[in-house]
file structure-v4.json (JSON, C-alpha atoms)
[["chain", "number", "residue", "atom", "x", "y", "z"],
["A", 1, "MET", "CA", 129.65, 70.64, 119.41],
["A", 2, "TYR", "CA", 130.89, 73.85, 120.95],
["A", 3, "VAL", "CA", 131.21, 74.39, 124.68],
["A", 4, "ALA", "CA", 131.00, 77.96, 125.96],
["A", 5, "ALA", "CA", 130.45, 79.48, 129.35],
["A", 6, "VAL", "CA", 127.90, 82.26, 129.60],
["A", 7, "GLN", "CA", 129.65, 85.56, 130.29],
["A", 8, "PHE", "CA", 128.33, 89.02, 131.10],
["A", 9, "VAL", "CA", 129.08, 92.66, 130.37],
["A", 10, "ARG", "CA", 127.35, 95.70, 131.84],
["A", 11, "ALA", "CA", 125.66, 98.15, 129.47],
["A", 12, "SER", "CA", 123.26, 100.99, 130.27],
["A", 13, "GLY", "CA", 122.99, 99.65, 133.81],
["A", 14, "LEU", "CA", 121.97, 96.18, 132.58],
["A", 15, "GLU", "CA", 123.72, 92.82, 132.71],
["A", 16, "ILE", "CA", 124.05, 91.49, 129.16],
["A", 17, "ALA", "CA", 124.73, 87.78, 128.72],
["A", 18, "TYR", "CA", 126.69, 86.40, 125.80],
["A", 19, "GLU", "CA", 128.60, 83.36, 124.59],
["A", 20, "ARG", "CA", 131.90, 83.65, 122.78],
["A", 21, "VAL", "CA", 133.61, 80.83, 120.87],
["A", 22, "GLY", "CA", 136.47, 80.65, 118.38],
["A", 23, "ASP", "CA", 139.32, 82.81, 117.21],
["A", 24, "GLY", "CA", 139.36, 84.88, 114.06],
["A", 25, "ALA", "CA", 137.47, 87.76, 112.49],
["A", 26, "PRO", "CA", 134.59, 88.79, 114.81],
["A", 27, "LEU", "CA", 131.09, 87.64, 113.89],
["A", 28, "VAL", "CA", 128.25, 88.80, 116.16],
["A", 29, "PHE", "CA", 124.81, 87.16, 116.06],
["A", 30, "VAL", "CA", 121.63, 88.97, 117.20],
["A", 31, "HIS", "CA", 118.50, 86.86, 117.74],
["A", 32, "GLY", "CA", 114.86, 87.60, 117.00],
["A", 33, "ALA", "CA", 111.80, 88.26, 119.15],
["A", 34, "ALA", "CA", 110.70, 85.68, 121.73],
["A", 35, "GLU", "CA", 114.14, 84.10, 121.46],
["A", 36, "ASP", "CA", 117.60, 84.26, 122.98],
["A", 37, "GLY", "CA", 121.15, 83.55, 121.87],
["A", 38, "ARG", "CA", 120.64, 79.80, 121.96],
["A", 39, "VAL", "CA", 118.91, 79.90, 118.55],
["A", 40, "TRP", "CA", 122.39, 80.31, 117.04],
["A", 41, "GLN", "CA", 123.76, 76.97, 118.28],
["A", 42, "SER", "CA", 124.25, 75.59, 114.78],
["A", 43, "GLN", "CA", 126.00, 78.75, 113.61],
["A", 44, "ILE", "CA", 128.33, 78.86, 116.62],
["A", 45, "ALA", "CA", 129.25, 75.20, 116.22],
["A", 46, "ALA", "CA", 129.90, 75.49, 112.49],
["A", 47, "LEU", "CA", 131.58, 78.88, 112.18],
["A", 48, "SER", "CA", 133.76, 79.14, 115.27],
["A", 49, "ASP", "CA", 136.51, 77.22, 113.45],
["A", 50, "GLU", "CA", 137.20, 80.36, 111.41],
["A", 51, "PHE", "CA", 135.62, 83.26, 113.30],
["A", 52, "THR", "CA", 135.31, 84.68, 116.80],
["A", 53, "VAL", "CA", 131.58, 84.03, 117.13],
["A", 54, "VAL", "CA", 129.57, 85.95, 119.73],
["A", 55, "ALA", "CA", 125.84, 85.47, 120.40],
["A", 56, "TRP", "CA", 124.15, 87.74, 122.91],
["A", 57, "ASP", "CA", 120.95, 87.54, 124.90],
["A", 58, "GLU", "CA", 119.43, 90.97, 124.31],
["A", 59, "PRO", "CA", 118.09, 92.97, 127.27],
["A", 60, "GLY", "CA", 114.96, 91.21, 128.50],
["A", 61, "ALA", "CA", 115.88, 87.84, 126.97],
["A", 62, "GLY", "CA", 117.59, 84.68, 128.11],
["A", 63, "ARG", "CA", 120.06, 85.30, 130.88],
["A", 64, "SER", "CA", 120.23, 89.09, 130.52],
["A", 65, "SER", "CA", 118.59, 91.68, 132.78],
["A", 66, "ASP", "CA", 114.95, 92.65, 132.40],
["A", 67, "VAL", "CA", 114.33, 95.34, 129.83],
["A", 68, "PRO", "CA", 113.05, 98.71, 131.17],
["A", 69, "ALA", "CA", 109.49, 99.50, 130.06],
["A", 70, "ASP", "CA", 110.57, 102.65, 128.22],
["A", 71, "PHE", "CA", 113.33, 100.92, 126.22],
["A", 72, "GLY", "CA", 113.42, 101.94, 122.56],
["A", 73, "LEU", "CA", 115.12, 100.65, 119.44],
["A", 74, "THR", "CA", 118.09, 102.95, 119.94],
["A", 75, "ASP", "CA", 118.55, 101.58, 123.47],
["A", 76, "TYR", "CA", 118.84, 98.01, 122.14],
["A", 77, "ALA", "CA", 121.37, 99.21, 119.56],
["A", 78, "ASP", "CA", 123.35, 101.10, 122.20],
["A", 79, "CYS", "CA", 123.57, 97.96, 124.36],
["A", 80, "LEU", "CA", 124.79, 95.96, 121.38],
["A", 81, "ALA", "CA", 127.42, 98.62, 120.71],
["A", 82, "ALA", "CA", 128.48, 98.46, 124.35],
["A", 83, "LEU", "CA", 128.96, 94.69, 124.06],
["A", 84, "ILE", "CA", 131.08, 95.06, 120.93],
["A", 85, "ASP", "CA", 133.08, 97.78, 122.68],
["A", 86, "ALA", "CA", 133.60, 95.78, 125.85],
["A", 87, "LEU", "CA", 134.88, 92.77, 123.91],
["A", 88, "ALA", "CA", 137.01, 94.92, 121.56],
["A", 89, "LEU", "CA", 135.37, 93.24, 118.58],
["A", 90, "GLY", "CA", 134.75, 96.14, 116.21],
["A", 91, "PRO", "CA", 134.52, 96.50, 113.37],
["A", 92, "ALA", "CA", 132.71, 93.16, 113.17],
["A", 93, "HIS", "CA", 130.51, 91.16, 110.88],
["A", 94, "VAL", "CA", 127.12, 91.71, 112.51],
["A", 95, "ALA", "CA", 124.25, 89.34, 111.75],
["A", 96, "GLY", "CA", 120.64, 89.86, 112.80],
["A", 97, "LEU", "CA", 117.62, 87.60, 112.44],
["A", 98, "SER", "CA", 114.10, 89.02, 112.11],
["A", 99, "TRP", "CA", 113.69, 91.58, 114.94],
["A", 100, "GLY", "CA", 117.44, 91.20, 115.52],
["A", 101, "GLY", "CA", 118.06, 92.43, 111.99],
["A", 102, "THR", "CA", 116.14, 95.58, 112.83],
["A", 103, "VAL", "CA", 118.35, 96.06, 115.91],
["A", 104, "VAL", "CA", 121.45, 95.52, 113.76],
["A", 105, "GLN", "CA", 120.32, 98.15, 111.28],
["A", 106, "GLU", "CA", 119.87, 100.61, 114.14],
["A", 107, "LEU", "CA", 123.36, 99.72, 115.37],
["A", 108, "TYR", "CA", 124.65, 100.74, 111.96],
["A", 109, "ARG", "CA", 122.69, 104.00, 112.08],
["A", 110, "HIS", "CA", 124.16, 105.11, 115.42],
["A", 111, "HIS", "CA", 127.45, 103.18, 115.68],
["A", 112, "PRO", "CA", 128.69, 102.51, 112.13],
["A", 113, "VAL", "CA", 132.30, 102.26, 113.31],
["A", 114, "HIS", "CA", 131.42, 98.90, 114.90],
["A", 115, "VAL", "CA", 130.10, 97.38, 111.66],
["A", 116, "ALA", "CA", 132.36, 95.91, 109.00],
["A", 117, "THR", "CA", 129.52, 94.12, 107.21],
["A", 118, "LEU", "CA", 125.82, 93.51, 107.77],
["A", 119, "ILE", "CA", 124.16, 90.11, 107.52],
["A", 120, "LEU", "CA", 120.38, 90.52, 107.50],
["A", 121, "ILE", "CA", 118.45, 87.26, 107.87],
["A", 122, "ASP", "CA", 114.69, 87.12, 107.23],
["A", 123, "THR", "CA", 114.29, 90.60, 108.69],
["A", 124, "TYR", "CA", 112.45, 93.89, 108.32],
["A", 125, "ALA", "CA", 113.15, 97.60, 108.14],
["A", 126, "GLY", "CA", 110.77, 97.56, 111.10],
["A", 127, "TRP", "CA", 107.25, 96.23, 110.63],
["A", 128, "LYS", "CA", 106.06, 99.71, 109.67],
["A", 129, "GLY", "CA", 108.90, 100.00, 107.19],
["A", 130, "SER", "CA", 108.34, 96.63, 105.49],
["A", 131, "LEU", "CA", 104.73, 95.49, 105.86],
["A", 132, "PRO", "CA", 101.32, 96.82, 104.77],
["A", 133, "GLU", "CA", 99.43, 98.79, 107.42],
["A", 134, "ASP", "CA", 96.70, 96.16, 107.77],
["A", 135, "GLU", "CA", 99.30, 93.45, 108.39],
["A", 136, "VAL", "CA", 100.97, 95.54, 111.08],
["A", 137, "ARG", "CA", 97.60, 96.15, 112.75],
["A", 138, "ALA", "CA", 96.82, 92.42, 112.65],
["A", 139, "ARG", "CA", 100.17, 91.55, 114.21],
["A", 140, "VAL", "CA", 99.79, 94.12, 116.97],
["A", 141, "GLU", "CA", 96.31, 92.80, 117.77],
["A", 142, "GLY", "CA", 97.60, 89.23, 117.76],
["A", 143, "ALA", "CA", 100.38, 90.24, 120.12],
["A", 144, "ARG", "CA", 97.93, 91.95, 122.47],
["A", 145, "GLN", "CA", 95.78, 88.82, 122.62],
["A", 146, "MET", "CA", 98.80, 86.61, 123.21],
["A", 147, "LEU", "CA", 100.09, 88.84, 126.00],
["A", 148, "ALA", "CA", 96.65, 89.04, 127.63],
["A", 149, "ALA", "CA", 96.47, 85.27, 128.08],
["A", 150, "PRO", "CA", 96.59, 83.94, 131.66],
["A", 151, "ALA", "CA", 100.06, 82.96, 132.85],
["A", 152, "GLY", "CA", 99.37, 79.26, 132.47],
["A", 153, "GLU", "CA", 98.22, 79.72, 128.86],
["A", 154, "PHE", "CA", 100.86, 82.20, 127.67],
["A", 155, "ASP", "CA", 102.46, 80.92, 124.46],
["A", 156, "PRO", "CA", 105.00, 83.27, 122.88],
["A", 157, "THR", "CA", 105.37, 81.20, 119.70],
["A", 158, "LEU", "CA", 104.74, 83.58, 116.80],
["A", 159, "PRO", "CA", 102.85, 82.18, 113.78],
["A", 160, "GLY", "CA", 104.52, 81.29, 110.50],
["A", 161, "LEU", "CA", 108.07, 80.68, 111.74],
["A", 162, "PHE", "CA", 108.74, 77.52, 109.73],
["A", 163, "ALA", "CA", 107.94, 76.36, 106.21],
["A", 164, "SER", "CA", 106.64, 73.09, 107.67],
["A", 165, "ASP", "CA", 107.07, 71.48, 111.09],
["A", 166, "PRO", "CA", 110.01, 72.68, 113.20],
["A", 167, "PRO", "CA", 113.06, 70.44, 112.77],
["A", 168, "ALA", "CA", 112.69, 67.71, 115.38],
["A", 169, "VAL", "CA", 116.24, 68.11, 116.62],
["A", 170, "PHE", "CA", 115.46, 71.70, 117.68],
["A", 171, "VAL", "CA", 112.04, 71.16, 119.28],
["A", 172, "PRO", "CA", 113.36, 70.68, 122.85],
["A", 173, "LEU", "CA", 115.52, 73.80, 122.50],
["A", 174, "LEU", "CA", 112.62, 75.85, 121.14],
["A", 175, "GLU", "CA", 110.44, 74.72, 124.05],
["A", 176, "GLU", "CA", 113.13, 75.78, 126.54],
["A", 177, "ILE", "CA", 113.51, 79.17, 124.89],
["A", 178, "ALA", "CA", 109.73, 79.73, 124.78],
["A", 179, "ALA", "CA", 109.43, 78.85, 128.48],
["A", 180, "ALA", "CA", 111.99, 81.54, 129.30],
["A", 181, "VAL", "CA", 110.24, 84.37, 127.42],
["A", 182, "ARG", "CA", 109.15, 87.24, 129.68],
["A", 183, "PRO", "CA", 105.80, 88.72, 128.64],
["A", 184, "GLU", "CA", 106.64, 92.32, 129.54],
["A", 185, "SER", "CA", 109.92, 92.16, 127.62],
["A", 186, "LEU", "CA", 108.14, 90.70, 124.61],
["A", 187, "ARG", "CA", 105.49, 93.44, 124.82],
["A", 188, "THR", "CA", 108.17, 96.13, 124.68],
["A", 189, "GLN", "CA", 109.95, 94.39, 121.84],
["A", 190, "LEU", "CA", 106.91, 93.88, 119.62],
["A", 191, "LEU", "CA", 105.52, 97.38, 120.11],
["A", 192, "VAL", "CA", 108.90, 98.88, 119.24],
["A", 193, "MET", "CA", 109.03, 96.66, 116.17],
["A", 194, "ALA", "CA", 105.54, 97.68, 115.09],
["A", 195, "GLU", "CA", 106.48, 101.38, 115.07],
["A", 196, "ALA", "CA", 109.94, 101.00, 113.54],
["A", 197, "ASP", "CA", 110.46, 102.33, 110.01],
["A", 198, "GLN", "CA", 114.07, 102.25, 108.78],
["A", 199, "ARG", "CA", 113.47, 102.80, 105.08],
["A", 200, "ASP", "CA", 115.36, 106.10, 105.29],
["A", 201, "LEU", "CA", 118.48, 104.24, 106.46],
["A", 202, "LEU", "CA", 118.72, 101.58, 103.77],
["A", 203, "PRO", "CA", 120.10, 103.77, 100.93],
["A", 204, "ARG", "CA", 122.73, 105.09, 103.35],
["A", 205, "ILE", "CA", 124.17, 101.67, 104.18],
["A", 206, "SER", "CA", 127.63, 101.65, 102.63],
["A", 207, "VAL", "CA", 129.11, 98.41, 104.01],
["A", 208, "PRO", "CA", 128.84, 95.08, 102.19],
["A", 209, "THR", "CA", 125.50, 93.52, 103.10],
["A", 210, "LEU", "CA", 124.39, 89.91, 102.84],
["A", 211, "LEU", "CA", 120.65, 89.20, 102.70],
["A", 212, "VAL", "CA", 119.78, 85.63, 103.69],
["A", 213, "TRP", "CA", 116.12, 84.76, 103.15],
["A", 214, "GLY", "CA", 114.00, 81.66, 103.45],
["A", 215, "GLU", "CA", 112.33, 80.96, 100.13],
["A", 216, "LEU", "CA", 109.07, 80.19, 101.95],
["A", 217, "ASP", "CA", 109.23, 82.88, 104.63],
["A", 218, "ALA", "CA", 105.63, 83.79, 105.46],
["A", 219, "ARG", "CA", 106.42, 86.45, 108.07],
["A", 220, "SER", "CA", 108.92, 88.47, 106.04],
["A", 221, "PRO", "CA", 108.32, 87.33, 102.47],
["A", 222, "LEU", "CA", 110.81, 87.52, 99.63],
["A", 223, "SER", "CA", 109.18, 90.76, 98.48],
["A", 224, "VAL", "CA", 110.71, 92.37, 101.60],
["A", 225, "ALA", "CA", 114.10, 90.94, 100.69],
["A", 226, "ARG", "CA", 113.78, 92.49, 97.24],
["A", 227, "GLN", "CA", 113.12, 95.88, 98.83],
["A", 228, "PHE", "CA", 116.36, 95.58, 100.78],
["A", 229, "GLU", "CA", 118.23, 94.41, 97.69],
["A", 230, "GLN", "CA", 117.06, 97.40, 95.69],
["A", 231, "ALA", "CA", 117.68, 99.98, 98.43],
["A", 232, "ILE", "CA", 121.16, 98.93, 99.63],
["A", 233, "ALA", "CA", 123.89, 99.62, 97.09],
["A", 234, "ASP", "CA", 126.24, 96.76, 97.99],
["A", 235, "ALA", "CA", 123.74, 94.00, 98.81],
["A", 236, "THR", "CA", 123.84, 90.31, 97.88],
["A", 237, "LEU", "CA", 120.72, 88.18, 98.27],
["A", 238, "VAL", "CA", 120.96, 84.45, 98.99],
["A", 239, "VAL", "CA", 117.62, 82.61, 98.97],
["A", 240, "ILE", "CA", 117.51, 79.47, 101.12],
["A", 241, "PRO", "CA", 115.31, 76.81, 99.47],
["A", 242, "GLY", "CA", 112.76, 74.99, 101.59],
["A", 243, "ALA", "CA", 113.15, 77.38, 104.52],
["A", 244, "GLY", "CA", 110.74, 79.71, 106.27],
["A", 245, "HIS", "CA", 111.36, 82.60, 108.66],
["A", 246, "LEU", "CA", 113.86, 80.78, 110.88],
["A", 247, "SER", "CA", 116.02, 79.71, 107.97],
["A", 248, "GLN", "CA", 119.09, 79.28, 110.18],
["A", 249, "LEU", "CA", 117.28, 76.44, 111.99],
["A", 250, "GLU", "CA", 115.51, 74.84, 109.02],
["A", 251, "GLN", "CA", 118.52, 74.88, 106.69],
["A", 252, "PRO", "CA", 121.56, 75.54, 108.91],
["A", 253, "ASP", "CA", 124.13, 74.10, 106.51],
["A", 254, "LEU", "CA", 123.01, 76.36, 103.66],
["A", 255, "VAL", "CA", 122.85, 79.44, 105.88],
["A", 256, "ASN", "CA", 126.25, 78.70, 107.42],
["A", 257, "ALA", "CA", 127.81, 78.23, 104.00],
["A", 258, "ALA", "CA", 126.43, 81.57, 102.78],
["A", 259, "VAL", "CA", 127.63, 83.40, 105.90],
["A", 260, "ARG", "CA", 131.08, 81.79, 105.74],
["A", 261, "GLU", "CA", 131.59, 82.64, 102.08],
["A", 262, "PHE", "CA", 130.48, 86.24, 102.57],
["A", 263, "CYS", "CA", 132.52, 86.88, 105.70],
["A", 264, "SER", "CA", 135.63, 85.24, 104.24],
["A", 265, "ALA", "CA", 135.35, 87.56, 101.24],
["A", 266, "HIS", "CA", 135.01, 90.71, 103.36],
["A", 267, "THR", "CA", 137.64, 90.59, 106.11],
["A", 268, "PRO", "CA", 137.20, 93.44, 108.63],
["A", 269, "ARG", "CA", 140.00, 96.02, 108.56]]
call {"tool": "encode", "arguments": {"input": "structure-v4.json", "output": "structure tokens"}}
result
Amino acid sequence: MYVAAVQFVRASGLEIAYERVGDGAPLVFVHGAAEDGRVWQSQIAALSDEFTVVAWDEPGAGRSSDVPADFGLTDYADCLAALIDALALGPAHVAGLSWGGTVVQELYRHHPVHVATLILIDTYAGWKGSLPEDEVRARVEGARQMLAAPAGEFDPTLPGLFASDPPAVFVPLLEEIAAAVRPESLRTQLLVMAEADQRDLLPRISVPTLLVWGELDARSPLSVARQFEQAIADATLVVIPGAGHLSQLEQPDLVNAAVREFCSAHTPR
């Protein structure tokens, strides 16, 4: 198992926490909503033999500073760019899961020089850009109810994350991550996600793109993956059997193999 000290860089006046392990082509992992960089433990352990693997805690998550209330999608992307700049990693393989994939797409929109390839895992072109209007409304209402719960009853676990029960080995970690979620940060994150629509960007993505999707993903179903596959010129879709939305936790070996093969075939210049 890897051992890495948490380090920090300053971006937009915020302290951004990250872990860095390995030596090789840079591979940056960006987590989803109600999570932090610890969800990438299996990827860091498996891939740091060949790559310089970096996993951040986004603003408002994990060990990073609180997110300002007026933070927008571009602000998250700018902070990610600042991290890549500070560590002299670019251009890098940049991987984003779910909400993190939306952040990664926005990074490409505003800072394409930092992106050698995109790895989009069970993600969206924003909720507005990928889901029917009634589904977006239902998710926003569900988020409002969750965030309105008394402090002792607040549970940030989003529905439909796994195809079945969470893998037992990861349950303690998931409980730790959930306990660290900050309601106001999650509110900002989910409302930004609900309004995001990146469909205009997808046809303009010109870097090699890997789409990794759980076969049984209920939150971002395979129909969303097909939209990405059709819109991005140089896109490869790998479907992970038996996995739901958090495919990198349910089937880490399959996800790691797909990421390794793709990154090895597209060395950053």
call {"tool": "atom_distance", "arguments": {"input": "structure-v4.json", "atom1": "CA of Ala233 (chain A)", "atom2": "CA of Thr209 (chain A)"}}
result
8.7 Å
call {"tool": "residues_around", "arguments": {"input": "structure-v4.json", "residues": "Gly214 (chain A)", "least_positions_apart": "4", "cutoff": "8 Å", "atoms": "all atoms listed in the file", "output": "list of chain:residue names"}}
result
A:Asp122, A:Leu222, A:Val239, A:Ile240, A:Pro241, A:Gly242, A:Ala243, A:Gly244, A:His245, A:Leu246, A:Ser247
call {"tool": "closest_residue", "arguments": {"input": "structure-v4.json", "among": "A:Glu135, A:Glu50, A:Asp234, A:Glu106", "to": "Leu210 (chain A)", "atoms": "all atoms listed in the file"}}
result
A:Asp234
call {"tool": "closest_atom_pairs", "arguments": {"input": "structure-v4.json", "of": "region 86-135 of chain A", "to": "region 188-203 of chain A", "cutoff": "6 Å", "atoms": "all atoms listed in the file", "output": "CSV"}}
result
residue,atom,partner,partner_atom,distance
A:Ala125,CA,A:Gln198,CA,4.8
A:Gly126,CA,A:Ala196,CA,4.3
A:Trp127,CA,A:Ala194,CA,5.0
A:Lys128,CA,A:Asp197,CA,5.1
A:Gly129,CA,A:Asp197,CA,4.0
call {"tool": "residues_around", "arguments": {"input": "structure-v4.json", "residues": "region 67-70 of chain A", "least_positions_apart": "4", "cutoff": "6 Å", "atoms": "all atoms listed in the file", "output": "number ranges by chain"}}
result
A: 59-60, 185
call {"tool": "closest_residue", "arguments": {"input": "structure-v4.json", "among": "A:Ser206, A:Gln41, A:Thr123, A:Thr157", "to": "Val53 (chain A)", "atoms": "only C-alpha atoms"}}
result
A:Gln41
call {"tool": "residues_around", "arguments": {"input": "structure-v4.json", "residues": "Pro183 (chain A)", "least_positions_apart": "5", "cutoff": "10 Å", "atoms": "only C-alpha atoms", "output": "PyMOL selection string"}}
result
chain A and resi 34+60+146-149+151+154-156+188-189
call {"tool": "atom_distance", "arguments": {"input": "structure-v4.json", "atom1": "CA of Val212 (chain A)", "atom2": "CA of Ala225 (chain A)"}}
result
8.3 Å
call {"tool": "closest_atom_pairs", "arguments": {"input": "structure-v4.json", "of": "region 39-134 of chain A", "to": "region 7-21 of chain A", "cutoff": "12 Å", "atoms": "only C-alpha atoms", "output": "tab-separated table"}}
result
residue	atom	partner	partner_atom	distance
A:Val39	CA	A:Glu19	CA	11.9
A:Trp40	CA	A:Glu19	CA	10.2
A:Gln41	CA	A:Glu19	CA	10.2
A:Gln43	CA	A:Val21	CA	10.7
A:Ile44	CA	A:Val21	CA	7.1
A:Ala45	CA	A:Val21	CA	8.5
A:Ala46	CA	A:Val21	CA	10.6
A:Leu47	CA	A:Val21	CA	9.1
A:Ser48	CA	A:Val21	CA	5.9
A:Asp49	CA	A:Val21	CA	8.7
A:Glu50	CA	A:Val21	CA	10.1
A:Phe51	CA	A:Val21	CA	8.2
A:Thr52	CA	A:Val21	CA	5.9
A:Val53	CA	A:Val21	CA	5.3
A:Val54	CA	A:Arg20	CA	4.5
A:Ala55	CA	A:Glu19	CA	5.4
A:Trp56	CA	A:Tyr18	CA	4.1
A:Asp57	CA	A:Ala17	CA	5.4
A:Glu58	CA	A:Ile16	CA	6.7
A:Pro59	CA	A:Ile16	CA	6.4
A:Gly60	CA	A:Ile16	CA	9.1
A:Ala61	CA	A:Ala17	CA	9.0
A:Gly62	CA	A:Ala17	CA	7.8
A:Arg63	CA	A:Ala17	CA	5.7
A:Ser64	CA	A:Ile16	CA	4.7
A:Ser65	CA	A:Glu15	CA	5.3
A:Asp66	CA	A:Leu14	CA	7.9
A:Val67	CA	A:Leu14	CA	8.2
A:Pro68	CA	A:Leu14	CA	9.4
A:Phe71	CA	A:Ser12	CA	10.7
A:Thr74	CA	A:Ser12	CA	11.7
A:Asp75	CA	A:Ser12	CA	8.3
A:Tyr76	CA	A:Ser12	CA	9.7
A:Ala77	CA	A:Ala11	CA	10.9
A:Asp78	CA	A:Ser12	CA	8.1
A:Cys79	CA	A:Ala11	CA	5.5
A:Leu80	CA	A:Ala11	CA	8.4
A:Ala81	CA	A:Ala11	CA	8.9
A:Ala82	CA	A:Ala11	CA	5.9
A:Leu83	CA	A:Val9	CA	6.6
A:Ile84	CA	A:Val9	CA	9.9
A:Asp85	CA	A:Ala11	CA	10.1
A:Ala86	CA	A:Val9	CA	7.1
A:Leu87	CA	A:Val9	CA	8.7
A:Leu89	CA	A:Arg20	CA	11.0
call {"tool": "closest_residue", "arguments": {"input": "structure-v4.json", "among": "A:Gly37, A:Gly142, A:Gly160, A:Pro150", "to": "Leu216 (chain A)", "atoms": "all atoms listed in the file"}}
result
A:Gly160
call {"tool": "atom_distance", "arguments": {"input": "structure-v4.json", "atom1": "CA of Pro112 (chain A)", "atom2": "CA of Asp23 (chain A)"}}
result
23.0 Å
call {"tool": "residues_around", "arguments": {"input": "structure-v4.json", "residues": "Ala265 (chain A)", "least_positions_apart": "3", "cutoff": "12 Å", "atoms": "only C-alpha atoms", "output": "PyMOL selection string"}}
result
chain A and resi 25+93+116-117+208-210+258-262+268
call {"tool": "closest_residue", "arguments": {"input": "structure-v4.json", "among": "A:Ala218, A:Leu131, A:Ile205, A:Val103", "to": "Ala231 (chain A)", "atoms": "all atoms listed in the file"}}
result
A:Ile205
call {"tool": "decode", "arguments": {"input": "structure-v4.json", "residues": "region 182-239 of chain A", "atoms": "C-alpha atoms", "output": "PDB file, in the first residue's frame"}}
result
ATOM      1  CA  ARG A 182     -19.384  20.001   5.051  1.00  0.00           C
ATOM      2  CA  PRO A 183     -23.036  20.785   4.296  1.00  0.00           C
ATOM      3  CA  GLU A 184     -22.436  24.292   2.948  1.00  0.00           C
ATOM      4  CA  SER A 185     -19.687  23.062   0.619  1.00  0.00           C
ATOM      5  CA  LEU A 186     -21.935  20.265  -0.622  1.00  0.00           C
ATOM      6  CA  ARG A 187     -24.766  22.758  -1.191  1.00  0.00           C
ATOM      7  CA  THR A 188     -22.525  24.906  -3.382  1.00  0.00           C
ATOM      8  CA  GLN A 189     -21.251  21.879  -5.261  1.00  0.00           C
ATOM      9  CA  LEU A 190     -24.638  20.341  -6.018  1.00  0.00           C
ATOM     10  CA  LEU A 191     -26.279  23.598  -7.077  1.00  0.00           C
ATOM     11  CA  VAL A 192     -23.387  24.325  -9.432  1.00  0.00           C
ATOM     12  CA  MET A 193     -23.711  20.816 -10.824  1.00  0.00           C
ATOM     13  CA  ALA A 194     -27.455  21.188 -11.338  1.00  0.00           C
ATOM     14  CA  GLU A 195     -26.984  24.289 -13.509  1.00  0.00           C
ATOM     15  CA  ALA A 196     -23.947  23.074 -15.455  1.00  0.00           C
ATOM     16  CA  ASP A 197     -24.410  22.311 -19.154  1.00  0.00           C
ATOM     17  CA  GLN A 198     -21.204  21.506 -21.042  1.00  0.00           C
ATOM     18  CA  ARG A 199     -22.693  20.028 -24.189  1.00  0.00           C
ATOM     19  CA  ASP A 200     -21.208  22.884 -26.215  1.00  0.00           C
ATOM     20  CA  LEU A 201     -17.710  21.857 -25.096  1.00  0.00           C
ATOM     21  CA  LEU A 202     -17.786  18.170 -25.983  1.00  0.00           C
ATOM     22  CA  PRO A 203     -17.357  18.483 -29.787  1.00  0.00           C
ATOM     23  CA  ARG A 204     -14.412  20.824 -29.172  1.00  0.00           C
ATOM     24  CA  ILE A 205     -12.432  18.333 -27.091  1.00  0.00           C
ATOM     25  CA  SER A 206      -9.447  17.406 -29.237  1.00  0.00           C
ATOM     26  CA  VAL A 207      -7.320  15.369 -26.810  1.00  0.00           C
ATOM     27  CA  PRO A 208      -7.606  11.582 -26.501  1.00  0.00           C
ATOM     28  CA  THR A 209     -10.446  10.823 -24.096  1.00  0.00           C
ATOM     29  CA  LEU A 210     -11.157   7.657 -22.144  1.00  0.00           C
ATOM     30  CA  LEU A 211     -14.715   7.072 -20.932  1.00  0.00           C
ATOM     31  CA  VAL A 212     -14.910   4.590 -18.046  1.00  0.00           C
ATOM     32  CA  TRP A 213     -18.466   3.657 -17.098  1.00  0.00           C
ATOM     33  CA  GLY A 214     -20.085   1.236 -14.697  1.00  0.00           C
ATOM     34  CA  GLU A 215     -22.382  -1.083 -16.619  1.00  0.00           C
ATOM     35  CA  LEU A 216     -25.020  -0.690 -13.894  1.00  0.00           C
ATOM     36  CA  ASP A 217     -24.559   3.007 -13.141  1.00  0.00           C
ATOM     37  CA  ALA A 218     -27.959   4.305 -12.012  1.00  0.00           C
ATOM     38  CA  ARG A 219     -26.899   7.927 -11.464  1.00  0.00           C
ATOM     39  CA  SER A 220     -25.189   8.495 -14.813  1.00  0.00           C
ATOM     40  CA  PRO A 221     -26.463   5.652 -16.980  1.00  0.00           C
ATOM     41  CA  LEU A 222     -24.737   4.252 -20.035  1.00  0.00           C
ATOM     42  CA  SER A 223     -26.949   6.425 -22.229  1.00  0.00           C
ATOM     43  CA  VAL A 224     -24.939   9.406 -20.914  1.00  0.00           C
ATOM     44  CA  ALA A 225     -21.705   7.627 -21.787  1.00  0.00           C
ATOM     45  CA  ARG A 226     -22.991   7.119 -25.326  1.00  0.00           C
ATOM     46  CA  GLN A 227     -23.667  10.853 -25.614  1.00  0.00           C
ATOM     47  CA  PHE A 228     -20.048  11.557 -24.696  1.00  0.00           C
ATOM     48  CA  GLU A 229     -18.814   8.876 -27.094  1.00  0.00           C
ATOM     49  CA  GLN A 230     -20.755  10.380 -29.982  1.00  0.00           C
ATOM     50  CA  ALA A 231     -19.834  13.999 -29.236  1.00  0.00           C
ATOM     51  CA  ILE A 232     -16.070  13.666 -28.607  1.00  0.00           C
ATOM     52  CA  ALA A 233     -14.099  12.842 -31.741  1.00  0.00           C
ATOM     53  CA  ASP A 234     -11.286  10.836 -30.126  1.00  0.00           C
ATOM     54  CA  ALA A 235     -13.188   8.990 -27.387  1.00  0.00           C
ATOM     55  CA  THR A 236     -12.871   5.377 -26.257  1.00  0.00           C
ATOM     56  CA  LEU A 237     -15.551   3.846 -24.032  1.00  0.00           C
ATOM     57  CA  VAL A 238     -14.713   1.064 -21.573  1.00  0.00           C
ATOM     58  CA  VAL A 239     -17.727  -0.419 -19.781  1.00  0.00           C
TER      59      VAL A 239
END
